[in-house]
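Source file input.cif; content: mmCIF, C-alpha atoms.
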data_my_file
#
loop_
_atom_site.label_atom_id
_atom_site.label_comp_id
_atom_site.auth_asym_id
_atom_site.auth_seq_id
_atom_site.Cartn_x
_atom_site.Cartn_y
_atom_site.Cartn_z
CA MET J 1 0.00 0.00 0.00
CA ASN J 2 1.29 3.44 -0.87
CA ASN J 3 1.62 5.40 2.34
CA GLU J 4 1.10 8.71 0.54
CA THR J 5 -2.37 7.91 -0.71
CA THR J 6 -3.77 5.77 2.05
CA THR J 7 -4.53 6.58 5.60
CA GLY J 8 -5.82 4.29 8.29
CA LEU J 9 -7.23 4.25 11.76
CA GLY J 10 -3.77 3.86 13.28
CA GLU J 11 -2.53 6.92 11.40
CA LEU J 12 -5.57 8.89 12.57
CA LEU J 13 -4.89 8.12 16.22
CA ARG J 14 -1.09 8.22 16.06
CA ALA J 15 -0.51 11.28 13.92
CA PRO J 16 -3.72 13.23 13.17
CA GLY J 17 -1.65 16.09 11.75
CA ASP J 18 -0.31 13.80 9.01
CA VAL J 19 -3.86 12.77 8.12
CA MET J 20 -4.77 16.45 7.63
CA GLY J 21 -1.80 16.70 5.27
CA PHE J 22 -3.42 14.11 2.98
CA ALA J 23 -6.22 16.55 2.12
CA ASP J 24 -4.10 18.48 -0.39
CA GLY J 25 -5.52 17.39 -3.74
CA LYS J 26 -9.24 17.68 -4.51
CA ALA J 27 -9.72 13.96 -5.27
CA ARG J 28 -7.73 12.89 -2.22
CA CYS J 29 -9.67 15.39 -0.11
CA TRP J 30 -12.99 13.72 -0.99
CA ARG J 31 -11.59 10.19 -0.50
CA LEU J 32 -10.22 11.17 2.89
CA ALA J 33 -13.49 12.88 3.86
CA ALA J 34 -15.44 9.74 2.94
CA PHE J 35 -13.08 7.57 5.01
CA LEU J 36 -13.30 9.89 8.02
CA ALA J 37 -17.10 10.13 7.75
CA PHE J 38 -17.26 6.32 7.65
CA VAL J 39 -15.07 6.00 10.78
CA THR J 40 -17.24 8.59 12.57
CA ALA J 41 -20.47 6.84 11.58
CA ALA J 42 -19.20 3.38 12.45
CA GLY J 43 -17.90 4.51 15.86
CA CYS J 44 -21.14 6.32 16.71
CA ALA J 45 -23.23 3.34 15.53
CA LEU J 46 -21.27 0.94 17.75
CA PHE J 47 -21.62 3.27 20.74
CA GLY J 48 -25.36 3.67 20.09
CA PHE J 49 -25.72 -0.10 19.81
CA ALA J 50 -23.99 -0.52 23.17
CA VAL J 51 -26.28 2.08 24.78
CA GLY J 52 -29.46 0.52 23.37
CA SER J 53 -28.39 -3.00 24.39
CA PHE J 54 -29.59 -2.00 27.85
CA VAL J 55 -33.18 -2.41 26.57
CA SER J 56 -33.26 -4.90 23.70
CA LEU J 57 -31.67 -5.80 20.39
CA GLU J 58 -34.35 -3.82 18.55
CA VAL J 59 -33.63 -0.66 20.57
CA ALA J 60 -29.90 -1.25 20.15
CA ALA J 61 -30.31 -1.19 16.35
CA LEU J 62 -32.52 1.90 16.59
CA ASP J 63 -30.05 3.70 18.86
CA ALA J 64 -27.18 2.82 16.52
CA ALA J 65 -29.05 4.57 13.69
CA LYS J 66 -29.99 7.47 15.98
CA MET J 67 -26.36 8.01 17.02
CA VAL J 68 -25.22 8.19 13.39
CA GLY J 69 -28.00 10.72 12.74
CA ILE J 70 -27.07 12.72 15.84
CA ALA J 71 -23.41 12.92 14.77
CA ALA J 72 -24.28 13.89 11.18
CA PHE J 73 -26.87 16.47 12.20
CA SER J 74 -24.63 18.02 14.88
CA TYR J 75 -21.69 18.22 12.48
CA ALA J 76 -23.80 19.86 9.76
CA LEU J 77 -25.27 22.34 12.21
CA CYS J 78 -21.87 23.23 13.67
CA PHE J 79 -19.96 23.48 10.39
CA PRO J 80 -20.55 27.25 10.03
CA THR J 81 -19.21 27.64 13.59
CA LEU J 82 -16.14 25.57 12.68
CA TYR J 83 -15.50 27.67 9.57
CA VAL J 84 -15.85 31.02 11.35
CA PHE J 85 -13.98 30.02 14.52
CA ALA J 86 -11.11 28.40 12.59
CA THR J 87 -10.84 31.43 10.32
CA ILE J 88 -10.83 33.76 13.34
CA SER J 89 -8.09 31.56 14.82
CA GLY J 90 -5.93 32.27 11.79
CA SER J 91 -6.83 29.45 9.40
CA LYS J 92 -6.58 30.16 5.68
CA LEU J 93 -8.06 26.80 4.66
CA SER J 94 -10.93 26.49 2.20
CA ALA J 95 -14.32 25.31 3.46
CA ALA J 96 -13.69 21.83 1.98
CA ARG J 97 -10.36 21.40 3.77
CA LEU J 98 -11.84 22.74 6.99
CA ALA J 99 -14.57 20.12 6.63
CA VAL J 100 -11.80 17.52 6.52
CA LEU J 101 -10.22 19.04 9.63
CA GLY J 102 -13.59 18.79 11.41
CA LEU J 103 -13.99 15.20 10.19
CA VAL J 104 -10.54 14.33 11.58
CA CYS J 105 -11.89 15.50 14.95
CA THR J 106 -15.17 13.58 14.66
CA ALA J 107 -13.38 10.46 13.36
CA THR J 108 -11.06 10.58 16.38
CA LEU J 109 -14.16 10.85 18.55
CA GLY J 110 -15.80 7.98 16.64
CA SER J 111 -12.71 5.76 17.02
CA LEU J 112 -12.61 6.32 20.76
CA LEU J 113 -16.36 5.73 21.09
CA ALA J 114 -15.96 2.48 19.14
CA ALA J 115 -13.07 1.44 21.36
CA GLN J 116 -15.15 2.00 24.49
CA SER J 117 -18.31 0.38 23.14
CA PRO J 118 -17.49 -3.15 24.41
CA ILE J 119 -17.08 -1.74 27.94
CA LEU J 120 -20.40 0.09 27.73
CA TRP J 121 -22.07 -2.95 26.15
CA LEU J 122 -20.87 -5.17 29.01
CA PHE J 123 -22.48 -2.87 31.57
CA SER J 124 -25.60 -2.36 29.42
CA VAL J 125 -26.42 -6.06 29.29
CA SER J 126 -25.54 -6.72 32.92
CA THR J 127 -27.29 -3.96 34.85
CA GLU J 128 -30.88 -2.87 35.48
CA ASN J 129 -30.01 0.69 36.51
CA ALA J 130 -30.75 3.14 33.67
CA ALA J 131 -29.26 6.07 35.62
CA PHE J 132 -25.93 4.23 35.77
CA ILE J 133 -25.96 3.65 32.00
CA VAL J 134 -26.77 7.33 31.36
CA VAL J 135 -23.89 8.45 33.59
CA LEU J 136 -21.47 5.86 32.20
CA SER J 137 -22.35 6.78 28.59
CA CYS J 138 -21.78 10.46 29.36
CA VAL J 139 -18.44 9.78 31.09
CA LEU J 140 -17.19 7.59 28.22
CA ALA J 141 -18.36 10.12 25.61
CA ALA J 142 -16.65 12.95 27.53
CA LEU J 143 -13.46 10.88 27.72
CA SER J 144 -13.60 10.32 23.94
CA LEU J 145 -14.22 14.02 23.40
CA GLY J 146 -11.09 14.79 25.43
CA PHE J 147 -9.00 12.90 22.86
CA VAL J 148 -10.16 15.34 20.16
CA ALA J 149 -7.72 17.79 21.75
CA ARG J 150 -4.97 15.83 19.92
CA PRO J 151 -6.03 16.65 16.35
CA ILE J 152 -6.67 20.24 17.45
CA ALA J 153 -3.14 20.44 18.87
CA ALA J 154 -1.85 18.88 15.65
CA ALA J 155 -3.69 21.51 13.59
CA ALA J 156 -1.98 24.24 15.65
CA LYS J 157 1.41 22.51 15.31
CA ARG J 158 1.05 22.33 11.52
CA GLU J 159 0.09 26.02 11.58
CA ILE J 160 -3.35 25.28 10.10
CA VAL J 161 -4.62 27.58 12.86
CA ALA J 162 -2.59 30.17 14.75
CA ASN J 163 -4.17 29.28 18.11
CA ARG J 164 -6.33 26.47 19.42
CA ALA J 165 -8.95 28.49 21.30
CA GLY J 166 -11.41 28.79 18.39
CA LEU J 167 -11.38 25.06 17.72
CA TYR J 168 -11.86 24.25 21.40
CA VAL J 169 -14.88 26.54 21.49
CA TRP J 170 -16.20 24.77 18.37
CA LEU J 171 -15.73 21.43 20.12
CA VAL J 172 -17.76 22.63 23.11
CA VAL J 173 -20.52 23.92 20.78
CA PHE J 174 -20.48 20.56 18.94
CA ALA J 175 -20.82 18.65 22.23
CA VAL J 176 -23.68 20.85 23.45
CA VAL J 177 -25.51 20.51 20.11
CA ALA J 178 -25.03 16.73 20.17
CA LEU J 179 -26.48 16.54 23.71
CA GLN J 180 -29.49 18.63 22.68
CA THR J 181 -29.96 16.40 19.61
CA VAL J 182 -29.89 13.32 21.85
CA THR J 183 -32.67 15.00 23.84
CA LEU J 184 -34.55 15.69 20.61
CA VAL J 185 -34.56 12.00 19.60
CA ARG J 186 -35.36 10.69 23.10
CA PRO J 187 -35.98 8.17 24.50
CA MET J 188 -32.83 6.12 23.89
CA LEU J 189 -33.12 3.84 26.89
CA ALA J 190 -36.74 2.76 26.53
CA PRO J 191 -38.65 0.27 24.33
CA ALA J 192 -39.31 1.45 20.77
CA ASN J 193 -42.92 2.61 21.18
CA THR J 194 -42.48 4.36 24.53
CA PRO J 195 -43.84 7.95 24.41
CA ARG J 196 -41.38 10.81 24.87
CA THR J 197 -41.15 12.08 28.44
CA PRO J 198 -41.52 14.95 28.86
CA GLU J 199 -43.57 15.53 25.72
CA GLY J 200 -42.71 18.46 23.48
CA LYS J 201 -39.67 20.68 23.93
CA CYS J 202 -37.04 19.95 26.53
CA PHE J 203 -33.60 21.37 27.39
CA PHE J 204 -30.87 18.74 27.52
CA LEU J 205 -29.76 19.50 31.09
CA MET J 206 -33.34 19.00 32.26
CA HIS J 207 -33.68 15.77 30.28
CA PHE J 208 -30.44 14.24 31.52
CA GLY J 209 -31.18 15.39 35.07
CA ASP J 210 -34.65 13.85 34.91
CA SER J 211 -33.30 10.62 33.38
CA VAL J 212 -30.77 10.17 36.15
CA GLY J 213 -33.14 11.35 38.90
CA LEU J 214 -36.15 9.27 37.80
CA SER J 215 -34.09 6.14 37.25
CA ALA J 216 -32.35 6.50 40.58
CA ALA J 217 -35.71 7.06 42.30
CA SER J 218 -37.21 3.96 40.66
CA MET J 219 -34.36 1.87 42.06
CA GLN J 220 -35.25 2.82 45.64
CA MET K 1 -6.70 60.36 -3.17
CA THR K 2 -10.43 60.69 -3.92
CA SER K 3 -10.61 57.18 -5.33
CA GLU K 4 -8.72 55.92 -2.28
CA LYS K 5 -11.27 57.61 -0.07
CA GLY K 6 -14.13 56.22 -2.15
CA GLU K 7 -12.64 52.73 -1.90
CA PHE K 8 -12.31 53.11 1.87
CA TYR K 9 -15.92 54.18 2.35
CA GLY K 10 -17.14 51.51 -0.10
CA HIS K 11 -15.32 48.87 1.94
CA LEU K 12 -16.72 50.33 5.15
CA ALA K 13 -20.27 50.35 3.76
CA ARG K 14 -19.93 46.69 2.69
CA ARG K 15 -18.77 45.76 6.19
CA ILE K 16 -21.65 47.67 7.79
CA LEU K 17 -24.09 45.92 5.44
CA PHE K 18 -22.60 42.59 6.47
CA VAL K 19 -23.01 43.44 10.16
CA ALA K 20 -26.63 44.46 9.52
CA ALA K 21 -27.39 41.26 7.58
CA ALA K 22 -25.67 38.95 10.09
CA THR K 23 -27.28 40.52 13.15
CA GLY K 24 -30.62 40.58 11.29
CA VAL K 25 -30.43 36.80 10.83
CA TYR K 26 -29.44 36.30 14.48
CA GLY K 27 -32.24 38.65 15.57
CA ALA K 28 -34.82 36.62 13.66
CA VAL K 29 -33.55 33.39 15.25
CA LEU K 30 -33.47 35.00 18.69
CA ALA K 31 -37.14 36.00 18.65
CA VAL K 32 -38.78 33.29 16.57
CA TRP K 33 -39.76 31.36 19.73
CA ARG K 34 -42.48 33.99 20.38
CA SER K 35 -43.91 34.38 16.85
CA PRO K 36 -42.88 34.97 13.21
CA LEU K 37 -43.99 38.61 13.54
CA MET K 38 -41.70 39.06 16.54
CA ALA K 39 -38.87 37.47 14.52
CA ALA K 40 -39.44 39.99 11.73
CA TYR K 41 -39.44 42.89 14.22
CA VAL K 42 -36.21 41.80 15.89
CA ALA K 43 -34.57 41.06 12.51
CA ALA K 44 -35.08 44.78 11.82
CA LYS K 45 -34.19 46.02 15.32
CA LEU K 46 -31.02 44.07 16.20
CA PRO K 47 -29.02 45.52 13.26
CA LEU K 48 -30.03 48.98 14.52
CA VAL K 49 -28.63 48.07 17.94
CA PHE K 50 -25.29 46.83 16.56
CA VAL K 51 -24.76 49.45 13.88
CA GLY K 52 -26.16 52.19 16.13
CA ALA K 53 -23.82 51.23 18.99
CA THR K 54 -20.84 51.13 16.61
CA LEU K 55 -21.53 54.58 15.27
CA ALA K 56 -22.47 56.01 18.68
CA VAL K 57 -19.23 54.92 20.36
CA SER K 58 -16.92 55.72 17.44
CA VAL K 59 -16.25 59.32 18.55
CA PHE K 60 -15.57 58.21 22.14
CA CYS K 61 -13.27 55.47 20.82
CA TRP K 62 -11.34 58.01 18.73
CA MET K 63 -10.87 60.28 21.76
CA ALA K 64 -9.92 57.36 24.02
CA GLY K 65 -7.41 56.38 21.36
CA LEU K 66 -5.88 59.86 21.35
CA ALA K 67 -5.70 59.83 25.16
CA ALA K 68 -4.00 56.42 25.10
CA GLY K 69 -1.43 57.62 22.56
CA ALA K 70 -2.69 55.56 19.60
CA GLU K 71 -2.47 58.47 17.14
CA LEU K 72 -5.27 57.10 14.98
CA ARG K 73 -7.41 59.26 12.70
CA TYR K 74 -11.20 59.17 13.14
CA ARG K 75 -11.75 57.17 9.97
CA GLU K 76 -9.15 54.63 11.07
CA VAL K 77 -10.95 54.24 14.39
CA LEU K 78 -14.28 53.90 12.56
CA ALA K 79 -12.80 51.19 10.34
CA ALA K 80 -11.43 49.45 13.45
CA VAL K 81 -14.73 49.40 15.36
CA VAL K 82 -16.62 48.28 12.26
CA PHE K 83 -14.02 45.49 11.84
CA ALA K 84 -14.67 44.34 15.43
CA MET K 85 -18.41 44.41 14.82
CA SER K 86 -18.10 42.44 11.58
CA VAL K 87 -16.15 39.71 13.44
CA ALA K 88 -18.94 39.67 16.03
CA GLY K 89 -21.50 39.53 13.20
CA ALA K 90 -19.71 36.55 11.60
CA ILE K 91 -19.73 34.70 14.94
CA LEU K 92 -23.43 35.41 15.48
CA LEU K 93 -24.22 34.27 11.93
CA ALA K 94 -22.29 31.04 12.49
CA LEU K 95 -24.09 30.38 15.77
CA ALA K 96 -27.56 31.10 14.34
CA PRO K 97 -28.26 27.44 13.34
CA VAL K 98 -27.20 26.26 16.82
CA VAL K 99 -29.44 28.81 18.52
CA LEU K 100 -32.28 27.80 16.17
CA LEU K 101 -31.93 24.17 17.31
CA PHE K 102 -32.31 25.24 20.94
CA VAL K 103 -35.23 27.56 20.14
CA PHE K 104 -37.14 24.78 18.38
CA SER K 105 -36.25 21.95 20.73
CA ALA K 106 -35.86 23.52 24.17
CA ALA K 107 -37.72 26.82 24.49
CA PRO K 108 -41.22 26.08 25.84
CA ASP K 109 -44.28 27.03 23.72
CA SER K 110 -46.72 26.97 26.57
CA ALA K 111 -46.11 26.31 30.24
CA PRO K 112 -47.15 27.78 33.58
CA PRO K 113 -46.35 31.54 33.71
CA GLU K 114 -43.50 30.98 36.18
CA THR K 115 -41.81 28.46 33.87
CA MET K 116 -42.24 30.77 30.89
CA ARG K 117 -40.75 33.68 32.82
CA LEU K 118 -37.79 31.55 33.92
CA ALA K 119 -37.24 30.37 30.32
CA HIS K 120 -37.38 33.98 29.13
CA SER K 121 -34.84 35.17 31.73
CA ALA K 122 -32.49 32.25 30.97
CA MET K 123 -32.73 32.91 27.23
CA MET K 124 -32.13 36.61 27.72
CA LEU K 125 -28.98 35.98 29.75
CA ALA K 126 -27.79 33.33 27.26
CA HIS K 127 -28.23 35.73 24.33
CA ILE K 128 -26.51 38.56 26.19
CA GLY K 129 -23.65 36.12 26.90
CA VAL K 130 -23.40 35.03 23.26
CA MET K 131 -23.54 38.58 21.87
CA GLY K 132 -21.14 39.86 24.54
CA SER K 133 -18.67 37.05 23.82
CA ALA K 134 -18.90 37.68 20.07
CA GLY K 135 -18.15 41.38 20.64
CA THR K 136 -15.26 40.54 22.97
CA VAL K 137 -13.70 38.21 20.37
CA GLY K 138 -14.06 41.01 17.82
CA VAL K 139 -12.20 43.43 20.08
CA ALA K 140 -9.56 40.78 20.91
CA LEU K 141 -8.85 40.31 17.19
CA LEU K 142 -8.75 44.05 16.81
CA TYR K 143 -6.04 44.16 19.51
CA ARG K 144 -3.86 41.84 17.41
CA ARG K 145 -4.46 43.92 14.30
CA LEU K 146 -3.93 47.33 15.93
CA ARG K 147 -0.72 46.27 17.70
CA ARG K 148 1.06 46.62 14.35
CA HIS K 149 -0.35 50.09 13.62
CA VAL K 150 0.02 52.03 16.88
CA PRO K 151 3.20 53.45 18.46
CA ALA K 152 4.98 51.12 20.89
CA GLU K 153 4.27 53.47 23.82
CA CYS K 154 0.48 53.38 23.19
CA ARG K 155 -1.50 51.84 26.07
CA LEU K 156 -3.45 49.62 23.68
CA GLY K 157 -4.87 47.26 26.32
CA MET K 158 -6.34 50.13 28.30
CA MET K 159 -7.70 51.74 25.14
CA LEU K 160 -9.45 48.58 23.99
CA ALA K 161 -10.83 47.94 27.50
CA LEU K 162 -12.42 51.39 27.31
CA TRP K 163 -13.77 50.66 23.83
CA LEU K 164 -15.22 47.36 25.01
CA GLU K 165 -16.82 49.02 28.01
CA ALA K 166 -18.34 51.70 25.79
CA PHE K 167 -19.66 49.05 23.37
CA ALA K 168 -21.16 47.03 26.23
CA VAL K 169 -22.87 49.94 27.96
CA VAL K 170 -24.19 51.61 24.79
CA GLY K 171 -25.14 48.29 23.14
CA CYS K 172 -27.05 47.06 26.20
CA GLN K 173 -28.89 50.35 26.61
CA LEU K 174 -29.79 50.53 22.90
CA GLY K 175 -31.01 46.94 23.17
CA TRP K 176 -33.03 47.95 26.22
CA ILE K 177 -34.65 50.83 24.34
CA MET K 178 -35.41 48.51 21.40
CA ARG K 179 -37.31 46.06 23.63
CA PRO K 180 -38.86 43.57 23.19
CA LEU K 181 -35.92 41.60 21.73
CA VAL K 182 -36.22 38.14 23.26
CA GLY K 183 -39.93 38.68 23.82
CA SER K 184 -41.37 38.46 27.32
CA PRO K 185 -44.03 35.70 27.26
CA ASN K 186 -46.48 37.75 29.34
CA ILE K 187 -46.44 40.87 27.15
CA SER K 188 -48.00 41.10 23.70
CA VAL K 189 -45.83 41.27 20.59
CA GLU K 190 -45.07 44.86 19.63
CA PHE K 191 -42.35 46.71 17.73
CA LEU K 192 -41.38 49.04 20.59
CA ARG K 193 -42.69 49.31 24.11
CA ALA K 194 -44.58 52.40 25.20
CA ASP K 195 -42.16 52.78 28.15
CA ALA K 196 -39.05 52.35 25.97
CA LEU K 197 -37.39 55.49 27.32
CA GLU K 198 -38.42 55.16 30.97
CA SER K 199 -35.76 52.88 32.47
CA ASN K 200 -32.28 51.52 31.82
CA PHE K 201 -30.67 48.14 31.31
CA LEU K 202 -28.35 48.10 34.35
CA GLU K 203 -31.23 48.95 36.69
CA SER K 204 -33.34 46.08 35.35
CA LEU K 205 -30.44 43.59 35.40
CA SER K 206 -29.73 44.22 39.07
CA THR K 207 -33.30 44.59 40.33
CA GLN K 208 -35.23 42.10 38.17
CA ILE K 209 -33.38 39.59 35.97
CA ILE K 210 -30.60 38.39 38.33
CA PRO K 211 -32.82 38.22 41.47
CA HIS K 212 -35.44 36.35 39.41
CA LEU K 213 -32.92 33.73 38.27
CA LEU K 214 -31.38 33.42 41.74
CA ASN K 215 -34.86 32.71 43.15
CA GLY K 216 -35.33 29.92 40.56
CA GLY K 217 -38.09 31.80 38.78
CA VAL K 218 -40.13 32.60 41.90
CA VAL K 219 -41.41 36.16 42.02
CA LYS K 220 -41.37 37.52 45.56
#

Written form, structure tokens:
Amino acid sequence: MNNETTTGLGELLRAPGDVMGFADGKARCWRLAAFLAFVTAAGCALFGFAVGSFVSLEVAALDAAKMVGIAAFSYALCFPTLYVFATISGSKLSAARLAVLGLVCTATLGSLLAAQSPILWLFSVSTENAAFIVVLSCVLAALSLGFVARPIAAAAKREIVANRAGLYVWLVVFAVVALQTVTLVRPMLAPANTPRTPEGKCFFLMHFGDSVGLSAASMQ
Amino acid sequence: MTSEKGEFYGHLARRILFVAAATGVYGAVLAVWRSPLMAAYVAAKLPLVFVGATLAVSVFCWMAGLAAGAELRYREVLAAVVFAMSVAGAILLALAPVVLLFVFSAAPDSAPPETMRLAHSAMMLAHIGVMGSAGTVGVALLYRRLRRHVPAECRLGMMLALWLEAFAVVGCQLGWIMRPLVGSPNISVEFLRADALESNFLESLSTQIIPHLLNGGVVK
């Protein structure tokens, strides 16, 4: 395999800055974007499957699809933020190459989510406490999100951006949007036909608080 | 010389138009939770707040610049403050889809009056935070840009702190006069309030909004 035209999961985790370097030509840029989008989707699907395994196989499949949707929707919604914040931070990249930079971040997140899915799955199938699964999922997702600091640092090191602050702010916005989108597609830890509680609009902090509080109360 | 001047003012006008368009979009998103009519009103009013504040503080900024030893001409100061506002406008434009997600998925349509009032206060503070942060980033970028153009002995930090303070005070008060912006749920939709010129922002922040939030939405 020619190392100049191929990039793999190992490369993504080991040297994210090198992966960004692959996005030079237009054709290679699209190929790389497709690969990174696939890694993101696969990682999110595995994580969603592990979350939904708490309820049943059917919900696991549904949650896998929901997680892919959540990642795609959040990324699309936050792309303008990425473009503006990266540009403010000194980036001179085109929108297409910035999309690749964002996908390097989400693919790193997806890889880490995939890596932690077996752990989450083990707890999902062996516990009855929904509050614990909610908290564990959030902790593992936050841990994965922390690893996205590496590609951001690599972008600063390769002088793609002059400082990291803008990209960190983007990452926070992305996380908040993803949490709100999870709330939008609730419930994730209930059988498929369960009505949404609460019905209608709901802020994510309220939803997660209620999920943990109600589940903990039902255990007592 | 005349063509240079024409080019300068053409560039300035384009930037002001951009600020007006960007803040118009953000204004529409900000108020759409109340009604489409309210969104249209705020789309027209928020650009007036931003552009009005920029123009209103420009003379003070020029004088503060002279006092700080910046040796900038008025038109240079005007270009600088419009630059800061266009950065803020770009940030607000980028965040508009994110805010829209929260408006459509978290802001309550109908709830008990106390809940609606709490939601309104929380949204107002969130929007003030977002707009304030966008303005601060604009001024921070301006600091980097101006550093190259002012004499070494100029107290640039102090000068920009004064500019920021002037922007904040004038912007908040103009916003206060242009109420309703977020749209209080207990007051009917209108373009301007009858008591628009009867109070000020700082007074309301300290006597109504902050105490209301600290009491968890309970009116004493």

Open item on the list: Using all atoms listed in the file and a distance of at most 7 Å, pull out the residues of chain K that contact chain J, as a PyMOL selection string.
Closed with: chain K and resi 90-91+94-95+97-98+105-108

Open item on the list: At a cut-off of 12 Å, using only C-alpha atoms, what residues contact Arg14 (chain J)? Leave out same-chain residues fewer than 2 positions from it and give the result as a ChimeraX atom specification.
Closed with: /J:7-12,16-19,108,111,147,150-151,154

- [ ] Rank J:Val134, J:Leu103, J:Val68, J:Leu32 by their smallest atom-to-atom distance to Ala190 (chain J), using all atoms listed in the file, and report the top residue only.
- [x]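 The answer is J:Val134, which sits nearest to Ala190 (chain J).
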
Open item on the list: When you look at Leu118 (chain K) with a cut-off of 8 Å (counting all atoms listed in the file), what residues show up, excluding the ones that are within fewer than 2 positions of it in the same chain? I need them as a PyMOL selection string.
Closed with: chain K and resi 114-116+120-122+212-213+216-217

TODO: Up to 7 Å from (-36.1, 39.6, 8.1) in the file's coordinates: name the residues, counting only C-alpha atoms, as a PyMOL selection string.
DONE: chain K and resi 24-25+28+40+43-44

TODO: Run the PyMOL selection byres ((chain K and resi 205) around 12) mentally over the shown coordinates, then write out the matched residues as number ranges by chain, using the chain letters and numbers from the document.
DONE: K: 121, 124-125, 128, 172-173, 176, 199-204, 206-213

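For the set K:Leu92, K:Leu160, K:Leu142, K:Val77, the residue with the smallest atom-to-atom gap to Gly129 (chain K) is K:Leu92, counting all atoms listed in the file.
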
Could you list the residues chosen by the PyMOL selection byres ((chain K and resi 88) around 7) in this structure as an mmCIF file with C-alpha atoms, keeping the file's coordinate frame?
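Output file result-v9.cif follows:
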data_model
loop_
_atom_site.group_PDB
_atom_site.id
_atom_site.type_symbol
_atom_site.label_atom_id
_atom_site.label_comp_id
_atom_site.auth_asym_id
_atom_site.auth_seq_id
_atom_site.Cartn_x
_atom_site.Cartn_y
_atom_site.Cartn_z
ATOM 1 C CA ALA K 84 -14.670 44.340 15.430
ATOM 2 C CA MET K 85 -18.410 44.410 14.820
ATOM 3 C CA SER K 86 -18.100 42.440 11.580
ATOM 4 C CA VAL K 87 -16.150 39.710 13.440
ATOM 5 C CA GLY K 89 -21.500 39.530 13.200
ATOM 6 C CA ALA K 90 -19.710 36.550 11.600
ATOM 7 C CA ILE K 91 -19.730 34.700 14.940
ATOM 8 C CA LEU K 92 -23.430 35.410 15.480
ATOM 9 C CA ALA K 134 -18.900 37.680 20.070
ATOM 10 C CA GLY K 135 -18.150 41.380 20.640
ATOM 11 C CA VAL K 137 -13.700 38.210 20.370
ATOM 12 C CA GLY K 138 -14.060 41.010 17.820
#

Task: Option closest in space to Gly69 (chain K), from K:Val51, K:Ala20, K:Val150, K:Val182 [counting all atoms listed in the file] - done: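 For Gly69 (chain K), the nearest of the given residues is K:Val150.
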
Excluding Val51 (chain J) and its own-chain neighbours fewer than 2 positions away, which residues fall within 7 Å of it when counting only C-alpha atoms? Please give them as a compact mmCIF listing (two decimals) with C-alpha atoms, keeping the file's coordinate frame.
# COMPACT_ATOMS: atom_id res chain seq x y z
CA PHE J 47 -21.62 3.27 20.74
CA GLY J 48 -25.36 3.67 20.09
CA PHE J 49 -25.72 -0.10 19.81
CA SER J 53 -28.39 -3.00 24.39
CA PHE J 54 -29.59 -2.00 27.85
CA ALA J 60 -29.90 -1.25 20.15
CA LEU J 120 -20.40 0.09 27.73
CA TRP J 121 -22.07 -2.95 26.15
CA SER J 124 -25.60 -2.36 29.42

- [ ] Determine, counting only C-alpha atoms, which protein, DNA and RNA residues have an atom within 9 Å of an atom of Ala178 (chain J); residues of the same chain fewer than 6 positions away are not included. Present the result as a ChimeraX atom specification.
- [x] /J:70-71,73-75

- [ ] Name the residues that the PyMOL selection byres ((chain K and resi 171) around 9) picks from the file above, as number ranges by chain, using the file's chain letters and numbers.
- [x] K: 49-50, 52-54, 166-170, 172-176

Task: Distance query Ala70 (chain K) at most 12 Å, only C-alpha atoms, self and fewer than 6 positions along chain excluded, as a list in words - done: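 Once the nearby chain positions are removed, what remains is Cys61, Trp62, Met63, Ala64, Glu76, Val77, Tyr143, Leu146, Arg147, Arg148, His149, Val150, Pro151, Ala152, Glu153, Cys154, Arg155, Leu156, Gly157, Met158, Met159 and Leu160 of chain K.
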
Once N, CA and C atoms are restored for region 72-79 of chain J, what would the output be as a tab-separated table (two decimals), in the frame of the given file?
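Dumped everything to rebuild-v7.tsv:
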chain	number	residue	atom	x	y	z
J	72	ALA	N	-24.21	13.20	12.48
J	72	ALA	CA	-24.28	13.89	11.18
J	72	ALA	C	-24.99	15.24	11.32
J	73	PHE	N	-26.09	15.24	12.03
J	73	PHE	CA	-26.87	16.47	12.20
J	73	PHE	C	-26.05	17.52	12.97
J	74	SER	N	-25.41	17.07	14.06
J	74	SER	CA	-24.63	18.02	14.88
J	74	SER	C	-23.47	18.59	14.07
J	75	TYR	N	-22.83	17.73	13.28
J	75	TYR	CA	-21.69	18.22	12.48
J	75	TYR	C	-22.16	19.25	11.45
J	76	ALA	N	-23.28	18.92	10.78
J	76	ALA	CA	-23.80	19.86	9.76
J	76	ALA	C	-24.18	21.19	10.39
J	77	LEU	N	-24.82	21.11	11.55
J	77	LEU	CA	-25.27	22.34	12.21
J	77	LEU	C	-24.10	23.18	12.71
J	78	CYS	N	-23.01	22.51	13.09
J	78	CYS	CA	-21.87	23.23	13.67
J	78	CYS	C	-20.81	23.57	12.64
J	79	PHE	N	-21.01	23.17	11.38
J	79	PHE	CA	-19.96	23.48	10.39
J	79	PHE	C	-19.74	24.98	10.20
